[in-house]
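*Asks:* One file: my_file-v3.cif (mmCIF, C-alpha atoms).
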```
data_work
loop_
_atom_site.label_atom_id
_atom_site.label_comp_id
_atom_site.auth_asym_id
_atom_site.auth_seq_id
_atom_site.Cartn_x
_atom_site.Cartn_y
_atom_site.Cartn_z
CA MET A 1 0.00 0.00 0.00
CA ARG A 2 1.43 3.36 -1.08
CA GLU A 3 0.23 6.88 -0.38
CA VAL A 4 0.26 9.95 -2.62
CA GLU A 5 -1.69 13.18 -2.83
CA VAL A 6 -3.12 12.53 -6.30
CA VAL A 7 -3.57 9.47 -8.50
CA VAL A 8 -3.95 9.95 -12.26
CA ILE A 9 -5.50 7.00 -14.09
CA GLY A 10 -4.60 6.94 -17.78
CA ALA A 11 -1.68 8.37 -19.75
CA GLY A 12 -3.31 9.52 -22.95
CA GLN A 13 -3.64 13.18 -23.92
CA ALA A 14 -5.81 14.05 -20.91
CA GLY A 15 -3.77 12.11 -18.36
CA LEU A 16 -0.42 13.49 -19.50
CA SER A 17 -1.82 17.01 -19.54
CA ALA A 18 -2.93 16.62 -15.91
CA ALA A 19 0.44 15.09 -15.00
CA TYR A 20 2.28 18.01 -16.61
CA PHE A 21 0.47 20.52 -14.41
CA LEU A 22 0.76 18.32 -11.33
CA ARG A 23 4.52 18.06 -11.90
CA LYS A 24 4.81 21.81 -11.33
CA HIS A 25 3.65 21.40 -7.72
CA PHE A 26 4.20 17.77 -6.67
CA GLU A 27 6.96 15.22 -6.94
CA PRO A 28 6.19 12.11 -9.02
CA GLU A 29 5.70 8.86 -7.09
CA THR A 30 5.47 10.67 -3.74
CA GLY A 31 3.13 13.59 -4.50
CA PHE A 32 1.36 12.06 -7.47
CA VAL A 33 1.45 8.94 -9.59
CA VAL A 34 0.26 8.17 -13.12
CA LEU A 35 -1.08 4.65 -13.70
CA ASP A 36 -1.57 3.44 -17.25
CA HIS A 37 -3.16 0.21 -18.45
CA ALA A 38 -1.57 0.34 -21.93
CA PRO A 39 1.66 -1.55 -22.60
CA HIS A 40 3.49 1.45 -24.06
CA ALA A 41 3.35 5.23 -24.22
CA GLY A 42 0.97 6.74 -26.77
CA GLY A 43 -2.49 6.50 -25.27
CA ALA A 44 -5.08 5.25 -27.75
CA TRP A 45 -2.89 6.38 -30.66
CA GLN A 46 -0.65 3.32 -30.27
CA PHE A 47 -3.57 1.06 -31.24
CA ARG A 48 -4.64 2.90 -34.40
CA TRP A 49 -4.49 1.14 -37.73
CA PRO A 50 -1.38 1.57 -39.93
CA THR A 51 -3.25 3.34 -42.74
CA LEU A 52 -4.34 6.18 -40.44
CA THR A 53 -1.85 8.82 -41.55
CA PHE A 54 -1.35 12.48 -40.78
CA ALA A 55 -3.19 13.24 -44.02
CA THR A 56 -6.33 11.41 -42.86
CA VAL A 57 -6.33 11.79 -39.06
CA ASN A 58 -9.08 14.04 -37.75
CA GLY A 59 -6.85 16.45 -35.84
CA VAL A 60 -3.76 16.15 -33.64
CA TYR A 61 -3.11 18.67 -30.88
CA ARG A 62 0.13 19.14 -28.99
CA LEU A 63 0.59 18.27 -25.36
CA PRO A 64 1.28 21.27 -23.10
CA GLY A 65 4.88 22.41 -23.18
CA MET A 66 6.10 20.43 -26.20
CA PRO A 67 5.36 20.88 -29.93
CA VAL A 68 3.79 17.99 -31.79
CA PRO A 69 5.91 16.42 -34.59
CA GLU A 70 5.23 17.51 -38.16
CA PRO A 71 6.12 14.47 -40.30
CA GLU A 72 5.18 13.84 -43.91
CA ALA A 73 1.44 13.68 -44.52
CA SER A 74 1.80 10.03 -45.54
CA ALA A 75 3.42 9.01 -42.22
CA PRO A 76 1.37 6.61 -40.04
CA VAL A 77 0.07 8.32 -36.93
CA ALA A 78 0.52 5.48 -34.41
CA PRO A 79 4.34 5.17 -34.25
CA VAL A 80 4.99 8.92 -34.52
CA LEU A 81 2.61 9.90 -31.73
CA SER A 82 3.63 6.96 -29.54
CA GLU A 83 7.21 8.20 -29.71
CA TYR A 84 6.04 11.77 -29.07
CA PHE A 85 4.19 10.68 -25.93
CA ALA A 86 7.20 8.66 -24.74
CA ASP A 87 9.52 11.64 -25.29
CA TYR A 88 7.06 13.80 -23.39
CA GLU A 89 7.00 11.50 -20.38
CA ARG A 90 10.80 11.51 -20.27
CA ALA A 91 11.18 15.25 -20.81
CA PHE A 92 8.98 16.15 -17.87
CA ASP A 93 9.98 13.17 -15.68
CA LEU A 94 6.39 11.96 -15.26
CA ARG A 95 7.39 8.38 -14.34
CA VAL A 96 4.26 6.72 -15.68
CA GLN A 97 3.76 3.25 -14.24
CA ARG A 98 2.62 0.64 -16.76
CA PRO A 99 1.08 -1.71 -17.44
CA VAL A 100 -1.10 -1.17 -14.37
CA SER A 101 -4.80 -2.09 -14.46
CA VAL A 102 -7.02 -0.22 -12.01
CA ARG A 103 -9.71 -2.53 -10.70
CA SER A 104 -11.69 -0.22 -8.43
CA VAL A 105 -11.74 3.13 -6.64
CA ARG A 106 -13.42 3.26 -3.24
CA SER A 107 -13.95 5.87 -0.57
CA LEU A 108 -12.29 5.24 2.79
CA PRO A 109 -13.72 6.21 6.20
CA ASP A 110 -11.03 8.89 6.63
CA GLY A 111 -12.14 10.64 3.44
CA ARG A 112 -9.32 9.43 1.23
CA LEU A 113 -9.61 7.22 -1.86
CA GLU A 114 -8.40 3.64 -2.25
CA VAL A 115 -7.24 2.86 -5.78
CA ALA A 116 -6.93 -0.91 -6.12
CA THR A 117 -4.80 -2.19 -9.00
CA GLY A 118 -3.44 -5.50 -10.19
CA SER A 119 -0.09 -4.59 -8.65
CA GLY A 120 -1.12 -3.12 -5.32
CA ILE A 121 -3.13 -0.38 -3.65
CA TRP A 122 -2.66 3.38 -3.77
CA ILE A 123 -4.21 5.73 -1.22
CA ALA A 124 -4.87 9.28 -2.43
CA GLU A 125 -6.72 12.42 -1.46
CA ALA A 126 -7.78 13.23 -5.01
CA LEU A 127 -8.19 11.44 -8.30
CA VAL A 128 -7.84 12.48 -11.94
CA ASN A 129 -9.57 9.91 -14.11
CA ALA A 130 -8.34 10.06 -17.70
CA THR A 131 -9.22 6.60 -18.99
CA GLY A 132 -10.84 7.78 -22.21
CA THR A 133 -12.98 5.45 -24.29
CA TRP A 134 -10.73 3.19 -26.40
CA GLU A 135 -11.10 0.18 -24.14
CA ARG A 136 -14.91 0.28 -24.27
CA PRO A 137 -15.92 -0.17 -27.92
CA PHE A 138 -19.67 -0.03 -28.36
CA TRP A 139 -21.27 -3.03 -30.12
CA PRO A 140 -24.97 -2.51 -30.93
CA ARG A 141 -27.25 -5.53 -30.80
CA TYR A 142 -29.58 -6.55 -33.63
CA ALA A 143 -31.87 -9.51 -34.15
CA GLY A 144 -30.02 -12.41 -35.74
CA GLN A 145 -26.56 -11.02 -35.01
CA ASP A 146 -25.35 -14.24 -33.40
CA ARG A 147 -26.32 -16.23 -36.50
CA PHE A 148 -24.25 -14.20 -38.96
CA GLU A 149 -21.90 -16.58 -40.78
CA GLY A 150 -19.39 -13.95 -41.79
CA ARG A 151 -16.91 -11.92 -39.77
CA GLN A 152 -17.73 -9.05 -37.42
CA LEU A 153 -15.19 -6.56 -36.11
CA HIS A 154 -15.17 -3.16 -34.43
CA THR A 155 -13.15 -0.11 -35.39
CA ALA A 156 -10.91 -0.92 -32.42
CA GLN A 157 -9.90 -4.14 -34.25
CA TYR A 158 -9.48 -2.60 -37.70
CA ARG A 159 -5.96 -2.94 -39.07
CA GLY A 160 -6.26 -1.82 -42.67
CA PRO A 161 -8.17 -2.40 -45.92
CA TRP A 162 -6.16 -5.33 -47.27
CA GLU A 163 -7.97 -7.83 -45.04
CA PHE A 164 -11.22 -7.13 -46.96
CA GLU A 165 -9.99 -7.90 -50.47
CA HIS A 166 -12.73 -9.43 -52.66
CA GLU A 167 -15.19 -9.43 -49.74
CA ARG A 168 -18.66 -7.92 -49.45
CA VAL A 169 -18.46 -5.40 -46.62
CA VAL A 170 -21.13 -3.55 -44.65
CA VAL A 171 -19.87 -0.64 -42.55
CA VAL A 172 -22.17 0.50 -39.74
CA GLY A 173 -21.80 3.93 -38.13
CA GLY A 174 -22.16 7.60 -38.91
CA GLY A 175 -18.79 8.96 -37.77
CA ILE A 176 -15.51 9.87 -39.40
CA SER A 177 -14.05 6.38 -38.77
CA ALA A 178 -16.82 4.81 -40.85
CA VAL A 179 -16.13 7.27 -43.67
CA GLN A 180 -12.39 6.55 -43.58
CA HIS A 181 -12.96 2.78 -43.53
CA LEU A 182 -15.26 2.94 -46.55
CA MET A 183 -12.86 5.07 -48.56
CA GLU A 184 -10.00 2.64 -47.85
CA ILE A 185 -11.90 -0.61 -48.24
CA HIS A 186 -13.92 0.21 -51.37
CA PRO A 187 -11.08 -0.14 -53.95
CA LEU A 188 -10.23 -3.65 -52.69
CA ALA A 189 -13.59 -5.09 -51.70
CA ALA A 190 -16.10 -6.86 -53.90
CA SER A 191 -18.71 -4.39 -52.61
CA THR A 192 -19.22 -1.91 -49.80
CA HIS A 193 -22.42 -0.58 -48.22
CA TRP A 194 -22.73 2.15 -45.61
CA VAL A 195 -25.45 1.91 -42.97
CA THR A 196 -26.31 4.57 -40.38
CA ARG A 197 -29.13 5.12 -37.87
CA ARG A 198 -29.51 8.76 -38.93
CA PRO A 199 -28.65 10.57 -42.16
CA PRO A 200 -24.97 11.67 -42.16
CA ALA A 201 -24.48 15.08 -40.58
CA TRP A 202 -22.39 16.66 -43.33
CA ARG A 203 -20.84 19.95 -42.29
CA THR A 204 -21.40 22.57 -44.96
CA ASP A 205 -19.36 25.37 -43.39
CA GLU A 206 -15.90 25.66 -41.90
CA PHE A 207 -15.40 24.33 -38.40
CA ASN A 208 -14.11 27.52 -36.80
CA PRO A 209 -13.48 28.38 -33.12
CA ASP A 210 -17.03 29.70 -32.71
CA ARG A 211 -18.49 26.40 -33.91
CA GLY A 212 -16.10 24.57 -31.63
CA ARG A 213 -17.26 26.54 -28.61
CA GLU A 214 -20.88 25.88 -29.52
CA ALA A 215 -20.20 22.14 -29.73
CA VAL A 216 -18.44 22.10 -26.37
CA ALA A 217 -21.32 24.07 -24.79
CA MET A 218 -23.82 21.50 -26.04
CA VAL A 219 -21.89 18.63 -24.50
CA GLU A 220 -21.35 20.58 -21.27
CA GLU A 221 -25.06 21.12 -20.91
CA ARG A 222 -25.72 17.38 -21.14
CA VAL A 223 -23.11 16.39 -18.55
CA ARG A 224 -24.29 19.18 -16.25
CA MET A 225 -27.70 17.48 -16.35
CA GLY A 226 -26.24 14.05 -15.64
CA LEU A 227 -26.91 12.70 -19.14
CA ARG A 228 -24.49 10.58 -21.15
CA PRO A 229 -22.22 12.70 -23.39
CA GLN A 230 -23.22 12.85 -27.04
CA SER A 231 -20.97 11.53 -29.77
CA VAL A 232 -18.54 14.04 -31.26
CA ILE A 233 -20.12 13.82 -34.71
CA SER A 234 -23.58 14.58 -33.36
CA VAL A 235 -22.41 18.05 -32.36
CA THR A 236 -19.64 18.80 -34.87
CA GLY A 237 -20.84 17.15 -38.08
CA LEU A 238 -18.75 15.31 -40.68
CA PRO A 239 -16.08 17.33 -42.50
CA GLN A 240 -16.04 17.52 -46.28
CA THR A 241 -12.44 17.39 -47.41
CA PRO A 242 -11.67 17.20 -51.14
CA GLU A 243 -11.14 13.44 -50.75
CA ILE A 244 -14.48 12.97 -49.00
CA ARG A 245 -16.28 15.07 -51.62
CA ALA A 246 -14.75 12.93 -54.35
CA ALA A 247 -15.87 9.75 -52.56
CA ARG A 248 -19.40 11.11 -52.28
CA GLU A 249 -19.46 11.99 -55.98
CA ALA A 250 -18.21 8.49 -56.82
CA GLY A 251 -21.06 6.92 -54.86
CA ILE A 252 -18.81 5.36 -52.23
CA LEU A 253 -20.55 7.23 -49.41
CA GLU A 254 -24.17 6.59 -50.35
CA ARG A 255 -25.92 5.81 -47.10
CA LEU A 256 -28.59 3.24 -46.31
CA PRO A 257 -30.87 3.43 -43.25
CA VAL A 258 -30.04 0.93 -40.56
CA PHE A 259 -31.23 -2.63 -41.23
CA ASP A 260 -33.88 -4.38 -39.14
CA ARG A 261 -32.10 -7.70 -38.67
CA ILE A 262 -28.98 -9.66 -39.50
CA GLU A 263 -29.30 -12.92 -41.40
CA PRO A 264 -26.64 -15.63 -41.83
CA GLY A 265 -25.62 -14.25 -45.22
CA GLY A 266 -26.13 -10.51 -44.80
CA VAL A 267 -28.41 -7.75 -43.50
CA ALA A 268 -32.11 -7.30 -44.18
CA TRP A 269 -34.88 -4.72 -43.93
CA GLU A 270 -38.58 -5.23 -43.24
CA ASP A 271 -39.43 -3.91 -46.71
CA GLY A 272 -37.74 -6.98 -48.25
CA ARG A 273 -34.43 -5.39 -49.13
CA PHE A 274 -31.36 -7.58 -48.53
CA VAL A 275 -27.62 -6.85 -48.79
CA PRO A 276 -25.31 -9.88 -48.83
CA ALA A 277 -22.24 -9.52 -46.64
CA ASP A 278 -19.08 -11.40 -45.75
CA VAL A 279 -17.99 -8.83 -43.16
CA ILE A 280 -19.75 -6.32 -40.90
CA VAL A 281 -17.54 -3.50 -39.61
CA TRP A 282 -19.01 -1.82 -36.54
CA ALA A 283 -17.74 1.76 -36.63
CA THR A 284 -20.15 2.55 -33.83
CA GLY A 285 -17.95 4.45 -31.44
CA PHE A 286 -16.94 3.99 -27.85
CA ARG A 287 -18.22 4.62 -24.35
CA ALA A 288 -16.39 6.17 -21.40
CA ALA A 289 -14.31 3.55 -19.53
CA LEU A 290 -15.54 4.25 -16.01
CA ASP A 291 -16.47 0.84 -14.58
CA HIS A 292 -13.67 1.01 -11.99
CA LEU A 293 -15.40 4.07 -10.47
CA ALA A 294 -18.65 2.16 -9.83
CA PRO A 295 -18.04 1.81 -6.03
CA LEU A 296 -18.17 5.61 -5.75
CA LYS A 297 -21.75 5.64 -7.11
CA LEU A 298 -21.22 8.72 -9.26
CA ARG A 299 -23.80 8.08 -11.98
CA ALA A 300 -27.00 10.10 -12.10
CA PRO A 301 -30.44 8.66 -13.02
CA GLY A 302 -29.86 9.87 -16.60
CA GLY A 303 -26.97 7.44 -17.00
CA GLY A 304 -24.23 10.05 -17.01
CA ILE A 305 -22.25 11.81 -14.29
CA VAL A 306 -23.22 15.32 -13.22
CA MET A 307 -20.17 17.51 -13.78
CA GLU A 308 -19.11 21.01 -12.75
CA GLY A 309 -16.28 21.68 -15.14
CA THR A 310 -13.95 18.71 -14.69
CA ARG A 311 -15.12 18.02 -11.13
CA VAL A 312 -17.74 15.43 -10.30
CA ALA A 313 -20.52 17.39 -8.63
CA ALA A 314 -21.23 14.64 -6.09
CA ASP A 315 -17.57 14.11 -5.16
CA PRO A 316 -15.09 17.02 -5.34
CA ARG A 317 -12.18 14.60 -4.85
CA VAL A 318 -12.78 13.17 -8.33
CA HIS A 319 -12.07 14.91 -11.64
CA LEU A 320 -12.85 13.45 -15.05
CA VAL A 321 -10.65 14.72 -17.86
CA GLY A 322 -11.15 13.51 -21.39
CA TYR A 323 -14.83 13.01 -20.55
CA GLY A 324 -17.71 14.89 -22.11
CA PRO A 325 -16.66 18.40 -23.22
CA SER A 326 -12.97 17.64 -22.65
CA ALA A 327 -12.97 14.52 -24.87
CA SER A 328 -11.17 16.35 -27.70
CA THR A 329 -7.39 16.68 -27.63
CA VAL A 330 -7.46 20.47 -27.19
CA GLY A 331 -10.21 20.13 -24.57
CA ALA A 332 -8.17 17.52 -22.70
CA ASN A 333 -5.25 19.92 -22.29
CA ARG A 334 -7.45 22.63 -20.85
CA ALA A 335 -9.22 20.14 -18.61
CA GLY A 336 -5.92 18.90 -17.19
CA ARG A 337 -4.94 22.41 -16.17
CA ALA A 338 -8.35 23.15 -14.66
CA ALA A 339 -8.46 19.88 -12.72
CA VAL A 340 -5.05 20.44 -11.14
CA ARG A 341 -5.96 23.99 -10.13
CA GLU A 342 -9.07 22.76 -8.30
CA ILE A 343 -7.27 19.82 -6.72
CA ARG A 344 -4.63 22.16 -5.28
CA GLU A 345 -7.39 24.31 -3.83
CA LEU A 346 -9.05 21.22 -2.34
CA LEU A 347 -5.84 19.96 -0.75
CA GLY A 348 -4.93 23.41 0.49
CA ALA A 349 -8.27 23.70 2.26
CA ARG A 350 -7.78 20.33 3.97
CA ARG A 351 -4.37 20.93 5.50
CA PRO A 352 -1.67 23.61 5.67
CA THR A 353 0.59 23.80 2.67
CA ALA A 354 3.64 22.96 4.81
CA GLU A 355 2.23 19.52 5.50
CA ARG A 356 1.97 18.65 1.83
CA VAL A 357 4.70 17.78 -0.61
CA SER A 358 6.69 20.97 -1.16
CA ALA A 359 6.17 22.72 -4.44
CA ARG A 360 8.91 22.66 -7.02
CA ALA A 361 10.61 25.95 -7.78
#
```
Here is a file; write its structure as structure tokens.

*Replies:*
Amino acid sequence: MREVEVVVIGAGQAGLSAAYFLRKHFEPETGFVVLDHAPHAGGAWQFRWPTLTFATVNGVYRLPGMPVPEPEASAPVAPVLSEYFADYERAFDLRVQRPVSVRSVRSLPDGRLEVATGSGIWIAEALVNATGTWERPFWPRYAGQDRFEGRQLHTAQYRGPWEFEHERVVVVGGGISAVQHLMEIHPLAASTHWVTRRPPAWRTDEFNPDRGREAVAMVEERVRMGLRPQSVISVTGLPQTPEIRAAREAGILERLPVFDRIEPGGVAWEDGRFVPADVIVWATGFRAALDHLAPLKLRAPGGGIVMEGTRVAADPRVHLVGYGPSASTVGANRAGRAAVREIRELLGARRPTAERVSARA
């Protein structure tokens, strides 16, 4: 059992941002600790498919205090950003501990938090949860799904278009990942079909800072009410790059409404329409990975967690960064700074500064 002031769970964009600001006031491993489930540095980027390049990625934002690399547009994102994150951890001496799986977070009688992991227990006065969504891919359920004779995979398992050569592919989902999958797979596959629950939300104007603030405000309103955060696309819309416009004109991105059931050889609608399929790709997004926080009973009746900024309204010891309005990379940086500021105020109110880990110069 080890004791620190603050535990950070997760070392993606949000977790490293929080650690950066914590490092200005606390010593790593004694004042704070960063626990990461992933095998290597890089957050969710390390798991992205090889064909996701800097030309196709939907935005990369630098971590605080260090510029992001600017490689060739054709460079794969995963290895470049994994190295960037690793360099960042070394440069600021963040001493991330990995692989460490957090099993549960519980409240102790003395008001502190018990963070139980597969390699021991940490006791802390405050928690920054930055676990993101990558480890909780969302798989919708449809009638007949278990009887499908082909292959089913989620975006989290996608590794590139070559594995779909000469196959009939149905891609399900209305986000940018679905669009990218279709554009890659179509030239190699025997056929591709795109299925979404709602018509694609194509963005007709430029996504400027004002639109960004509006999108964040919409998500903030939901989490303030204790509702589950909306998907990014539902508030930002799909971009229309020259490549995407060309794919739309070529008919690659013609959308079908979601099917009513899955049959052994494909997907079917009640009106009699049937699309044969060898593969179904579920580009249906992710959910926040928060199961380890269940003992704290943070969820509201609406299914979400009521938030005040990054702080959980029901428990000021707990901050969620990379959740809701801070789920974007730029939002995660800002959330990390805000969370650390409030945590310092919380700790300062609990005991004199002299009793805490001395601040770094």

*Asks:* I want to know what sits within 6 Å of Gly304 (chain A), based on all atoms listed in the file, with residues of the same chain fewer than 2 positions away left out; could you give that as a VMD selection string?

*Replies:* chain A and resid 226 to 228 299 to 300 302

*Asks:* Can you give me, as number ranges by chain, the residues this file yields under the PyMOL selection byres ((chain A and resi 271) around 12)?

*Replies:* A: 257, 259-261, 268-270, 272-274

*Asks:* How would the residues just picked look written out with C-alpha atoms as a compact mmCIF listing (two decimals), keeping the file's coordinate frame?

*Replies:*
```txt
# COMPACT_ATOMS: atom_id res chain seq x y z
CA PRO A 257 -30.87 3.43 -43.25
CA PHE A 259 -31.23 -2.63 -41.23
CA ASP A 260 -33.88 -4.38 -39.14
CA ARG A 261 -32.10 -7.70 -38.67
CA ALA A 268 -32.11 -7.30 -44.18
CA TRP A 269 -34.88 -4.72 -43.93
CA GLU A 270 -38.58 -5.23 -43.24
CA GLY A 272 -37.74 -6.98 -48.25
CA ARG A 273 -34.43 -5.39 -49.13
CA PHE A 274 -31.36 -7.58 -48.53
```

*Asks:* Considering all atoms listed in the file, can you say which of A:Ile262, A:Val100, A:Ala14, A:Ala130 comes closest to Pro39 (chain A)?

*Replies:*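 Closest to Pro39 (chain A), using all atoms listed in the file: A:Val100.
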
*Asks:* Apply the PyMOL selection byres ((chain A and resi 288) around 10) to the structure shown and report the selected residues as a compact mmCIF listing (two decimals) with C-alpha atoms, in the coordinates of the input.

*Replies:*
```txt
# COMPACT_ATOMS: atom_id res chain seq x y z
CA ALA A 130 -8.34 10.06 -17.70
CA THR A 131 -9.22 6.60 -18.99
CA GLY A 132 -10.84 7.78 -22.21
CA THR A 133 -12.98 5.45 -24.29
CA TRP A 134 -10.73 3.19 -26.40
CA GLU A 135 -11.10 0.18 -24.14
CA ARG A 136 -14.91 0.28 -24.27
CA PRO A 137 -15.92 -0.17 -27.92
CA PHE A 138 -19.67 -0.03 -28.36
CA ARG A 228 -24.49 10.58 -21.15
CA PRO A 229 -22.22 12.70 -23.39
CA PHE A 286 -16.94 3.99 -27.85
CA ARG A 287 -18.22 4.62 -24.35
CA ALA A 289 -14.31 3.55 -19.53
CA LEU A 290 -15.54 4.25 -16.01
CA ASP A 291 -16.47 0.84 -14.58
CA GLY A 304 -24.23 10.05 -17.01
CA GLY A 322 -11.15 13.51 -21.39
CA TYR A 323 -14.83 13.01 -20.55
CA GLY A 324 -17.71 14.89 -22.11
CA ALA A 327 -12.97 14.52 -24.87
```

*Asks:* Quick check on the file I pasted: which residues fall under the PyMOL selection byres ((chain A and resi 43-46) around 8)? Write them as a list in words.

*Replies:* Gly10, Ala11, Gly12, Gln13, Ala38, His40, Ala41, Gly42, Phe47, Arg48, Val77, Ala78, Pro79, Leu81, Ser82, Phe85 and Trp134 of chain A

*Asks:* At a cut-off of 8 Å, using all atoms listed in the file, what residues contact Gln240 (chain A)? Leave out same-chain residues fewer than 3 positions from it and give the result as a list in words.

*Replies:* Trp202, Arg203, Thr204, Glu243, Ile244 and Arg245 of chain A

*Asks:* If you measure from CA of Ser104 (chain A) to CA of Ala18 (chain A), what distance in Å do you get, rounded to one decimal?

*Replies:* 20.4 Å

*Asks:* To one decimal place, how far is CA of Thr192 (chain A) from CA of Val169 (chain A) in Å?

*Replies:*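 These atoms are spaced 4.8 Å apart.
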
*Asks:* Under the rule that all atoms listed in the file are counted, which of A:Ile185, A:Val340, A:Val171, A:Val128 is the nearest residue to Val312 (chain A)?

*Replies:* A:Val128

*Asks:* Give as a PDB file with C-alpha atoms, keeping the file's coordinate frame the set of residues within 9 Å of the point (-9.0, -4.0, -3.6), where distances use the file's coordinates and all atoms listed in the file.

*Replies:*
```
ATOM      1  CA  ARG A 103      -9.710  -2.530 -10.700  1.00  0.00           C
ATOM      2  CA  SER A 104     -11.690  -0.220  -8.430  1.00  0.00           C
ATOM      3  CA  VAL A 105     -11.740   3.130  -6.640  1.00  0.00           C
ATOM      4  CA  ARG A 106     -13.420   3.260  -3.240  1.00  0.00           C
ATOM      5  CA  GLU A 114      -8.400   3.640  -2.250  1.00  0.00           C
ATOM      6  CA  VAL A 115      -7.240   2.860  -5.780  1.00  0.00           C
ATOM      7  CA  ALA A 116      -6.930  -0.910  -6.120  1.00  0.00           C
ATOM      8  CA  THR A 117      -4.800  -2.190  -9.000  1.00  0.00           C
ATOM      9  CA  GLY A 118      -3.440  -5.500 -10.190  1.00  0.00           C
ATOM     10  CA  GLY A 120      -1.120  -3.120  -5.320  1.00  0.00           C
ATOM     11  CA  ILE A 121      -3.130  -0.380  -3.650  1.00  0.00           C
TER      12      ILE A 121
END
```
